[in-house]
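Undergrad: One structure, as structure tokens, below. Some questions next.
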Amino acid sequence: MNFGFTQEQEMLRDQVRRFMTEACPMSTVRELTAKDAPFSEKLWDQIASLGWLGLIVPEQYGGIGLKWIDLALVLEETARGLSPLPILSQALASAAVLRAGNDEQRANWLPALASGEVRATLALYDEPNWFDAQAVTLTGIPVDDGIELHGRKPFVADAMSSNQLLLAYLGPAGLGLAAIGKSQVKVTEEPSMDVTKPTGSIILDHVQVSADRLMPISPEDLAYLADCGAVAVTAEMVGAADTTLTMTSNYAKERIQFGKPIGQYQGVKHRLADMFVDVESFRSLLYYAAWCIDDAVGELPRAISLAKGYASDAFVRIGIDGVGLHGAIGFTAEYDVQLYLKRSKWSRPMYGDSDYHLDRVATLGGI
Amino acid sequence: MNFGFTQEQEMLRDQVRRFMTEACPMSTVRELTAKDAPFSEKLWDQIASLGWLGLIVPEQYGGIGLKWIDLALVLEETARGLSPLPILSQALASAAVLRAGNDEQRANWLPALASGEVRATLALYDEPNWFDAQAVTLTGIPVDDGIELHGRKPFVADAMSSNQLLLAYLGPAGLGLAAIGKSQVKVTEEPSMDVTKPTGSIILDHVQVSADRLMPISPEDLAYLADCGAVAVTAEMVGAADTTLTMTSNYAKERIQFGKPIGQYQGVKHRLADMFVDVESFRSLLYYAAWCIDDAVGELPRAISLAKGYASDAFVRIGIDGVGLHGAIGFTAEYDVQLYLKRSKWSRPMYGDSDYHLDRVATLGGI
Amino acid sequence: MDFEYTPEEQAFREEVRTFLAENLPRKAERGTDFLATWLAKVREKGWVGFSWPKEFGGSDGGLIEQTILREEMALAKAPPLGTSFMGLAWVGPGIMQYGTEAQKKKFIPDILDSKVTWCTGYSEPNHGSDLASIQCKAVREGDHYLVNGQKTWTTGAAFSQWIILLTRTSFDVEVKHNGITCLLVAMDSPGIDVRPIENMAGDRHFAEIFFTDVKVPVENRLGEEGDGWKVTVSALANERSSIGEVTQMFGKLDTLKALVKRTNRQGKPASKDPKVRRTLAVFEAKIAAMKYNGLRYLTKQIRGEPLTSETSVNKLHRASLEIEMDDFAVELTGQSGLQLKGGSDAVENGRWAKSSLNWPNVVIGGGTPNIQRNIIAERILGLPKD
Amino acid sequence: MDFEYTPEEQAFREEVRTFLAENLPRKAERGTDFLATWLAKVREKGWVGFSWPKEFGGSDGGLIEQTILREEMALAKAPPLGTSFMGLAWVGPGIMQYGTEAQKKKFIPDILDSKVTWCTGYSEPNHGSDLASIQCKAVREGDHYLVNGQKTWTTGAAFSQWIILLTRTSFDVEVKHNGITCLLVAMDSPGIDVRPIENMAGDRHFAEIFFTDVKVPVENRLGEEGDGWKVTVSALANERSSIGEVTQMFGKLDTLKALVKRTNRQGKPASKDPKVRRTLAVFEAKIAAMKYNGLRYLTKQIRGEPLTSETSVNKLHRASLEIEMDDFAVELTGQSGLQLKGGSDAVENGRWAKSSLNWPNVVIGGGTPNIQRNIIAERILGLPKD
């Protein structure tokens with residue numbers, strides 16, 4: 001029994017934090033997001049060479065062969081500065097190929113994903129808030145050696161910066177994932193309140209997909225991948241929420257009002273203490289859920305629903321109060337804390353909000 | 001448009017407050033409730049002669065002929081000191097006879113109710129949390145000139161001090177109220193967390209009730225009387241909650257901790273401010289609901305559901321925090337604030353908790 | 001206690017409704033000159049500055065009539081009665097009470113005629129909630145003051161012609177309130193630099209204003225030198241009935257309900273979810289409480305009884321409701337709710353996403369919720385000051 | 001990171017389980033001498049004072065084994081390991097660290113053998129959360145101290161044979177911590193008057209204790225004169241793993257779920273109401289968070305890293321959960337939920353109604369939630385003191 005990180009993991013954490021602080025500070029984030037589709041080839045190549053893109057890819061496929069708990073740590077750290085790099089999407093695409101690909105597909109995709117050469121994303125559900133196999137409505141009809149997809153895929157994370165898209169569809173033989181080259185579809189960037197989380201929608205106009213690019217999945221696979229998605233998003237929430245708390249308590253120490261730092265008033269300091277309680281708590285729940293993916297996958301659904309169910313509401317409250325405790329200045333575009341509020345709102349519905357996850361906790365608990 | 005009390009009403013309020021402070025202070029409440037069934041003939045006669053028992057009884061029946069808004073004011077003031085006198089039950093019995101009785105029954109009952117000679121209570125539903133005609137399960141079967149009631153009536157407020165019981169039943173011709181003499185039934189006092197609100201259950205062993213003691217009611221009558229009950233309970237909640245706030249803020253001014261009155265810490269003072277916001281708000285909603293009974297009865301369901309829906313949760317929060325802000329001393333039997341916490345918990349389910357009332361607000365609002 | 005209106009009050013309500021029916025076309029049908037026509041007409045009716053004394057061009061309107069007028073205007077979602085919100089709310093009443101005859105003549109008619117728009121220069125950087133500690137300096141030099149300093153969080157600075165400005169004219173006094181002087185300053189004076197502040201929703205409601213050697217004629221001082229605090233406090237105390245606000249919030253609740261009715265969550269109608277129903281009902285209970293609280297305070301005012309700080313109760317409700325209602329809509333609609341204007345799946349073209357980031361003044365700035373709680377605790381409950 | 005247990009740890013868990021299966025009869029089957037037998041057996045196993053050094057009669061048990069032992073005992077709802085909770089938690093460790101050889105010999109074995117029960121004399125009237133400002137006076141007179149004063153909120157005073165008492169031996173010092181001395185006092189000493197305090201649930205867990213010219217031999221002083229604060233702080237810092245608590249709370253959650261499953265509200269099963277389901281899930285999330293927070297802190301302790309004040313996180317969770325879970329059961333069951341023991345319609349014979357009024361120490365007394373928030377804000381986040 002040991003619920004702590006190893007020295008190697010702490011070194012990885014330090015490495016990520018140092019690199020992100022230096023190479024992708026908030027000024028860089030603002031520069032990148034001021035453009036149409038925020039992405040930096042240079043940063044992408046750097047983090048690829050640091051190995052972060054192949055963390056959970058087995059060594060036989062050119063990855064590092066670590067676990068989700070290590071990935072969670074990297075996502076936590078990269079989210080501290082609201083990095084817009086699609087590390088999360090890349091990891092989910094890798095997880096999907098690992099889970100659903102056959103040997104050939106694994107050998108084909110995983111090395112390219114680990115090296116960053118292929119940039120991929122995963123899109124599962126076609127409804128804004130429904131996490132169930134029924135919410136996969138993109139339909140594939142059989143054609144020679146494959147299927148034809150016709151329709152639309154909304155809510156595709158990092159669609160613009162990806163060159164391969166892994167899209168869930170409902171085919172004649174059941175659910176599947178189709179790996180589609182970006183050039184085959186029309187991608188529209190959708191304006192969203194969190195510019196650091198670019199999202200697109202995809203129009204598929206009679207797109208032919210050959211069999212070697214299809215990976216059949218069961219409803220359980222779909223649920224597993226959604227749970228992995230929730231773990232990844234919640235790991236980012238830990239980092240972003242922790243930074244919101246740090247920014248706000250630093251501000252509360254410095255800002256003087258009526259002759260005292262505002263952090264001396266219990267109205268402010270107790271709210272900050274409650275934020276700490278929340279971050280600390282969903283952090284512990286998240287670490288456990290991330291550990292479950294590799295070591296106790298049967299416990300994953302309950303574990304991640306506890307973590308995301310807690311984090312979804314708590315982070316939004318932290319985001320709102322983080323801005324509120326800054327007073328009027330927190331509300332300005334120039335100040336960074338409002339970007340974290342937006343991230344908290346973005347994170348809430350991703351792979352299930354608290355209503356979804358807490359209801360699932362009740363169901364799994366026999367209620 | 002005038003949402004204030006008249007001079008006469010303010011005089012009535014002063015009279016009630018003065019009388020209760022002098023004749024029924026907390027020492028008296030504790031004396032009365034230390035006995036088996038808390039009741040005082042002497043106090044009952046005094047308040048009867050002050051006219052409070054006949055407030056809403058028309059003058060032609062020996063009452064004062066005022067309105068529910070006046071009654072609400074009296075209930076608010078008598079509840080400040082947690083008086084255990086069954087003024088609320090007596091008022092609801094009068095309201096029931098006024099609504100459901102024929103001319104003869106009105107002439108028979110109302111003068112005796114207004115004078116306090118008859119002490120009556122009203123019991124509608126037989127389920128602990130179901131406010132619907134289906135929850136009247138006491139059944140009456142027809143016999144010569146009347147019905148026979150056989151069964152049990154739980155949750156009868158002030159059953160022990162009443163000599164007449166108005167019980168809702170389901171008869172062959174529909175719902176009705178039966179006026180039953182106490183000697184005809186077996187009353188059991190039920191131990192409850194709020195000793196200032198004595199409650200009994202009644203066993204009816206083949207009790208014959210003659211037709212002149214039966215008052216048929218429609219489901220609408222039943223709902224109306226339940227709404228009147230909710231108005232009466234909420235009026236008492238306003239008085240009791242306001243007193244909890246006053247006790248707690250007085251304590252916060254006096255109690256010194258770490259060299260300062262605890263009321264100087266925002267952790268305490270802001271909670272007290274929030275209590276004020278709540279009391280002030282459900283007070284306004286309650287006054288409007290009480291006004292509706294006599295002057296806009298069509299708006300009564302929404303008005304009282306807004307008031308009781310708000311008050312039920314808010315008062316319990318005030319009760320819990322009132323005790324909590326007193327620290328360990330608030331938790332002792334000797335200290336009065338804990339009696340208000342118990343009253344808040346008693347008040348919550350009476351004539352509908354917030355789940356019931358807020359859901360009704362949604363329904364009435366077209367959702 | 002009586003919620004009925006008198007026949008006269010009912011007749012006035014009918015008059016307002018008739019006017020609205022005849023003079024307020026649907027949004028799509030409004031021409032380019034609609035606003036000018038509207039302003040002229042409501043001015044002619046005497047509804048701009050309705051409560052102001054007749055000698056200043058107002059209508060001596062009573063509190064109940066004011067309430068009716070505001071309620072009907074809000075119900076009809078009509079444009080404002082006059083374009084200078086600050087002029088009507090603070091500047092006009094301030095000049096009527098403290099101004100010279102020349103000032104009254106010069107400024108009041110332009111406010112009523114919507115010719116001049118005013119903004120207010122109260123807040124400064126680093127002194128958000130603490131108005132008494134202002135640093136913007138005015139030094140008397142002969143027949144004018146020379147103003148140097150900075151203001152911030154000024155609403156509408158970009159389109160206002162005049163500003164009511166709090167300046168410090170003395171740094172010597174022990175009590176910091178006593179060295180403050182109120183000046184009326186033309187925004188086109190040389191040395192004024194307005195820099196809009198972009199908020200997190202991308203809007204520019206506020207601005208910073210920099211004053212560098214701005215000359216203000218002494219005749220534009222409102223009240224005596226050093227009386228600025230008194231002038232301002234009396235303006236801030238000029239609390240207004242919140243009935244228009246409440247009507248707007250009921251309107252917003254209706255649009256939320258409509259949104260709930262057409263939204264599915266987890267494949268089921270959101271309107272059947274008890275938690276969603278309960279949330280809507282809690283909003284309704286709080287807005288209704290604001291309404292009846294407001295009517296109780298209005299009755300007190302009509303009776304000439306002093307209001308202490310009860311209006312803070314409604315301000316606290318409103319601060320939390322404004323944030324919660326928008327956020328509820330965003331949460332309700334999941335990933336669609338995050339999309340802004342132009343998004344293919346955006347909800348009502350992103351209006352909720354945008355308004356959830358457009359926090360109103362009541363949440364930020366001078367009236368933050370914790371300050372309101374202090375006011376209630378100290379002034380009403382008598383708890384000791386921090 | 002690894003949630004698996006080593007084979008040795010697993011074996012220890014099996015040993016505990018086997019012991020429980022063999023030695024813990026069902027409640028109904030327990031005879032009058034059950035407790036004495038139980039205490040002797042767990043003493044024999046070395047599980048009383050499990051973490052204490054072997055030289056003092058403990059087992060030198062490691063942190064993980066302690067956790068396993070507590071978890072299994074809580075799961076089985078077993079009686080405590082030893083009857084003197086305070087003796088095991090504070091007094092024994094205090095004596096081991098600061099006591100004389102004679103004290104160690106006199107007091108430690110009796111604690112382990114459950115022969116002597118201890119209570120603590122820390123709080124005084126008017127000084128609830130502010131331990132340093134105590135007034136209970138001890139004056140040295142030759143070979144004894146003469147104690148006069150009052151303590152309050154003492155748990156178990158009525159059945160304890162000894163008390164660990166904080167007294168003031170000097171009123172002169174500037175820093176108020178320096179004049180405090182710790183005494184070990186027999187409760188049957190002449191001049192001690194114990195008056196139980198009835199709480200709002202009608203129970204008498206606490207008492208006031210009055211000391212009038214109570215003579216305490218100098219040999220019963222723990223540590224030096226004036227060192228009482230140091231001795232106490234070190235005892236209070238002796239934080240224990242909360243895993244037993246968490247297991248109890250999961251057990252309570254299970255009983256709540258069972259209650260929900262057999263309860264109807266508004267004529268429908270409560271278990272289908274999303275709000276009820278969500279409330280249960282929030283409880284579960286908070287208890288699970290306490291569990292994994294606790295394991296993270298435990299890992300830190302095992303590694304010898306300093307804990308700052310993270311345990312306040314779990315204390316805050318527990319304080320709110322204890323009140324919320326009981327209150328939820330009371331609310332859920334409507335009018336039935338209000339009835340106490342013996343009520344015809346009482347829920348589980350009034351257990352929830354009663355426990356909703358029986359607030360635990362973590363809510364009241366020395367560790368009120370606002371104090372915990374201060375600790376987190378000041379010691380972890382570095383915010384300025386009040």
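Residues in the structure tokens are numbered from 1 in each chain, the chains being A, B, ... in the order shown, and ligands are numbered from 1 in the order shown.
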Within 10 Å of chain B, which residues of chain A show up when using only C-alpha atoms, listed as a PyMOL selection string?
TA: chain A and resi 264-271
Undergrad: The selected residues should be written to file as a CSV table (one decimal), in the first residue's frame (atoms: N, CA and C atoms).
TA:
```
chain,number,residue,atom,x,y,z
A,264,GLN,N,-6.9,38.6,5.0
A,264,GLN,CA,-7.0,38.6,6.4
A,264,GLN,C,-8.5,38.5,6.8
A,265,TYR,N,-9.4,38.9,5.9
A,265,TYR,CA,-10.8,38.8,6.3
A,265,TYR,C,-11.3,37.4,6.1
A,266,GLN,N,-12.0,36.9,7.1
A,266,GLN,CA,-12.5,35.5,7.0
A,266,GLN,C,-13.4,35.2,5.8
A,267,GLY,N,-14.1,36.3,5.4
A,267,GLY,CA,-15.0,36.1,4.2
A,267,GLY,C,-14.2,35.7,3.0
A,268,VAL,N,-12.9,36.1,2.9
A,268,VAL,CA,-12.1,35.7,1.8
A,268,VAL,C,-11.3,34.4,2.2
A,269,LYS,N,-10.7,34.4,3.4
A,269,LYS,CA,-9.8,33.3,3.8
A,269,LYS,C,-10.5,32.0,3.9
A,270,HIS,N,-11.7,32.0,4.4
A,270,HIS,CA,-12.4,30.8,4.6
A,270,HIS,C,-12.9,30.2,3.2
A,271,ARG,N,-13.2,31.1,2.3
A,271,ARG,CA,-13.5,30.6,1.0
A,271,ARG,C,-12.3,30.0,0.3
```
Undergrad: Taking only C-alpha atoms into account and nothing else, which residues of chain D lie no more than 9 Å away from chain A? Please answer as a PyMOL selection string.
TA: chain D and resi 1-6+9+64+257-258+260-261+271-272+274+277-282+284-286+288-293+295-300+310+312-314+316-317+370+372-378+380-386
Undergrad: Running DSSP on the backbone, which parts of stretch 39-272 of chain B land in helix (DSSP H, G or I), as a PyMOL selection string?
TA: chain B and resi 41-49+52-54+59-61+68-80+87-100+103-115+133-135+182-184+211-213+219-254+262-264+266-272
Undergrad: How would the residues just chosen look if you wrote them out with C-alpha atoms as a compact mmCIF listing (two decimals), in the first residue's frame?
TA:
```txt
# COMPACT_ATOMS: atom_id res chain seq x y z
CA GLU B 41 -55.77 26.04 31.05
CA LYS B 42 -54.96 29.38 32.56
CA LEU B 43 -53.00 30.67 29.56
CA TRP B 44 -55.61 29.24 27.22
CA ASP B 45 -58.39 31.16 28.98
CA GLN B 46 -56.32 34.33 28.88
CA ILE B 47 -55.61 34.21 25.18
CA ALA B 48 -59.20 33.23 24.51
CA SER B 49 -60.35 36.34 26.33
CA TRP B 52 -56.85 35.44 19.48
CA LEU B 53 -58.77 32.18 19.11
CA GLY B 54 -61.56 33.84 17.18
CA GLU B 59 -68.40 38.24 14.00
CA GLN B 60 -71.77 36.56 13.47
CA TYR B 61 -70.24 33.44 15.02
CA TRP B 68 -55.47 35.39 7.81
CA ILE B 69 -52.87 38.13 7.55
CA ASP B 70 -53.81 39.11 11.11
CA LEU B 71 -53.69 35.51 12.23
CA ALA B 72 -50.26 35.13 10.60
CA LEU B 73 -49.03 38.05 12.64
CA VAL B 74 -50.30 36.47 15.88
CA LEU B 75 -48.72 33.11 15.01
CA GLU B 76 -45.43 34.81 14.17
CA GLU B 77 -45.40 36.48 17.57
CA THR B 78 -46.53 33.50 19.64
CA ALA B 79 -43.86 31.37 17.95
CA ARG B 80 -41.06 33.72 18.98
CA ILE B 87 -53.30 28.24 18.70
CA LEU B 88 -52.35 26.96 15.26
CA SER B 89 -54.46 23.80 15.58
CA GLN B 90 -57.44 25.77 16.85
CA ALA B 91 -57.17 28.17 13.89
CA LEU B 92 -56.99 25.34 11.36
CA ALA B 93 -60.02 23.66 12.92
CA SER B 94 -61.91 26.95 12.58
CA ALA B 95 -60.77 27.34 8.98
CA ALA B 96 -61.95 23.79 8.26
CA VAL B 97 -65.43 24.37 9.72
CA LEU B 98 -65.67 27.67 7.83
CA ARG B 99 -64.73 25.99 4.58
CA ALA B 100 -66.53 22.66 4.94
CA ASP B 103 -74.79 26.60 8.32
CA GLU B 104 -75.82 24.48 11.24
CA GLN B 105 -72.35 23.10 11.81
CA ARG B 106 -70.83 26.56 11.59
CA ALA B 107 -73.31 27.89 14.12
CA ASN B 108 -72.61 24.91 16.31
CA TRP B 109 -68.84 24.86 16.26
CA LEU B 110 -67.47 28.29 15.52
CA PRO B 111 -68.61 30.13 18.65
CA ALA B 112 -67.22 27.37 20.85
CA LEU B 113 -63.93 27.44 18.93
CA ALA B 114 -63.71 31.23 19.14
CA SER B 115 -64.31 31.17 22.88
CA ALA B 133 -55.94 13.05 -1.54
CA GLN B 134 -54.55 9.55 -2.00
CA ALA B 135 -52.73 9.92 1.29
CA LYS B 182 -61.78 12.67 22.36
CA SER B 183 -63.53 10.15 24.62
CA GLN B 184 -64.46 8.04 21.61
CA ALA B 211 -74.21 12.71 9.99
CA ASP B 212 -74.33 16.07 11.77
CA ARG B 213 -70.67 15.55 12.69
CA PRO B 219 -59.95 17.31 -3.07
CA GLU B 220 -59.77 21.08 -3.62
CA ASP B 221 -61.03 21.70 -0.08
CA LEU B 222 -58.40 19.30 1.20
CA ALA B 223 -55.67 21.11 -0.74
CA TYR B 224 -56.97 24.48 0.46
CA LEU B 225 -56.84 23.38 4.08
CA ALA B 226 -53.33 21.97 3.62
CA ASP B 227 -52.30 25.32 2.14
CA CYS B 228 -53.82 27.10 5.14
CA GLY B 229 -51.83 24.73 7.33
CA ALA B 230 -48.66 25.61 5.44
CA VAL B 231 -49.37 29.33 5.87
CA ALA B 232 -49.87 28.86 9.61
CA VAL B 233 -46.71 26.79 10.04
CA THR B 234 -44.65 29.22 7.94
CA ALA B 235 -45.93 32.17 9.98
CA GLU B 236 -44.62 30.43 13.08
CA MET B 237 -41.33 29.77 11.27
CA VAL B 238 -40.90 33.51 10.64
CA GLY B 239 -41.19 34.27 14.35
CA ALA B 240 -39.01 31.39 15.50
CA ALA B 241 -36.33 31.99 12.87
CA ASP B 242 -36.22 35.70 13.61
CA THR B 243 -35.67 34.92 17.28
CA THR B 244 -32.92 32.42 16.45
CA LEU B 245 -31.17 35.16 14.49
CA THR B 246 -31.55 37.68 17.30
CA MET B 247 -30.28 35.24 19.95
CA THR B 248 -27.31 34.31 17.81
CA SER B 249 -26.32 37.83 16.87
CA ASN B 250 -26.61 38.95 20.49
CA TYR B 251 -24.37 36.07 21.49
CA ALA B 252 -21.90 36.99 18.75
CA LYS B 253 -21.66 40.53 20.13
CA GLU B 254 -20.87 39.36 23.64
CA ILE B 262 -16.83 36.57 17.57
CA GLY B 263 -19.32 38.75 15.66
CA GLN B 264 -16.36 40.75 14.41
CA GLN B 266 -16.54 37.68 8.91
CA GLY B 267 -16.89 33.90 9.23
CA VAL B 268 -19.57 34.65 11.82
CA LYS B 269 -20.93 38.01 10.73
CA HIS B 270 -21.48 37.03 7.09
CA ARG B 271 -23.37 33.91 8.12
CA LEU B 272 -25.58 36.10 10.29
```
Undergrad: Rank nothing, just name the residue among D:Cys182, D:Lys275, D:Leu307, D:Pro360 nearest to chain C, using only C-alpha atoms.
TA: D:Lys275
Undergrad: Could you tell me, as a PyMOL selection string, which residues of stretch 199-241 of chain D DSSP assigns to strand (DSSP E or B) when given the backbone?
TA: chain D and resi 199+206-217+221-222
Undergrad: Convert the current residue selection to file output with N, CA, C and O atoms, as a CSV table (one decimal), in the first residue's frame.
TA:
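In the end it all went to result-v2.csv:
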```
chain,number,residue,atom,x,y,z
D,199,ASN,N,-26.8,17.2,26.9
D,199,ASN,CA,-26.8,17.9,25.6
D,199,ASN,C,-28.2,17.9,25.0
D,199,ASN,O,-29.2,17.4,25.6
D,206,PHE,N,-20.7,14.9,28.3
D,206,PHE,CA,-19.7,15.9,28.8
D,206,PHE,C,-20.0,16.2,30.2
D,206,PHE,O,-21.1,15.9,30.8
D,207,ALA,N,-19.0,16.8,30.9
D,207,ALA,CA,-19.3,17.3,32.2
D,207,ALA,C,-18.5,18.6,32.5
D,207,ALA,O,-17.5,18.8,31.8
D,208,GLU,N,-18.9,19.3,33.4
D,208,GLU,CA,-18.1,20.4,34.1
D,208,GLU,C,-17.4,19.8,35.3
D,208,GLU,O,-18.0,18.9,35.9
D,209,ILE,N,-16.2,20.2,35.5
D,209,ILE,CA,-15.5,19.7,36.7
D,209,ILE,C,-15.0,21.0,37.5
D,209,ILE,O,-14.4,21.9,37.0
D,210,PHE,N,-15.4,21.0,38.8
D,210,PHE,CA,-15.0,22.1,39.7
D,210,PHE,C,-13.9,21.6,40.6
D,210,PHE,O,-14.0,20.5,41.2
D,211,PHE,N,-12.9,22.4,40.7
D,211,PHE,CA,-11.7,22.0,41.6
D,211,PHE,C,-11.7,23.0,42.8
D,211,PHE,O,-11.5,24.2,42.5
D,212,THR,N,-11.8,22.5,44.0
D,212,THR,CA,-11.7,23.4,45.1
D,212,THR,C,-10.6,22.9,46.1
D,212,THR,O,-10.8,21.8,46.7
D,213,ASP,N,-9.5,23.6,46.2
D,213,ASP,CA,-8.4,23.2,47.0
D,213,ASP,C,-8.0,21.7,46.9
D,213,ASP,O,-7.9,21.0,47.8
D,214,VAL,N,-7.9,21.3,45.6
D,214,VAL,CA,-7.6,19.9,45.3
D,214,VAL,C,-6.0,19.8,45.4
D,214,VAL,O,-5.3,20.6,44.8
D,215,LYS,N,-5.6,18.9,46.3
D,215,LYS,CA,-4.2,18.7,46.5
D,215,LYS,C,-3.6,17.6,45.4
D,215,LYS,O,-4.1,16.5,45.4
D,216,VAL,N,-2.6,18.0,44.7
D,216,VAL,CA,-2.0,17.1,43.7
D,216,VAL,C,-0.5,17.0,44.0
D,216,VAL,O,0.2,18.0,44.0
D,217,PRO,N,-0.1,15.8,44.3
D,217,PRO,CA,1.4,15.6,44.7
D,217,PRO,C,2.2,16.1,43.5
D,217,PRO,O,1.9,15.9,42.3
D,221,ARG,N,3.1,15.7,38.5
D,221,ARG,CA,3.3,16.7,37.4
D,221,ARG,C,3.9,16.1,36.2
D,221,ARG,O,4.9,15.3,36.3
D,222,LEU,N,3.3,16.3,35.0
D,222,LEU,CA,3.9,15.7,33.8
D,222,LEU,C,4.7,16.8,33.1
D,222,LEU,O,4.2,17.9,32.7
```
Undergrad: What's the separation between atom CA of C:Tyr98 and atom CA of C:Thr232, in Å to one decimal place?
TA: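 We find that atom CA of C:Tyr98 and atom CA of C:Thr232 lie 10.5 Å from each other.
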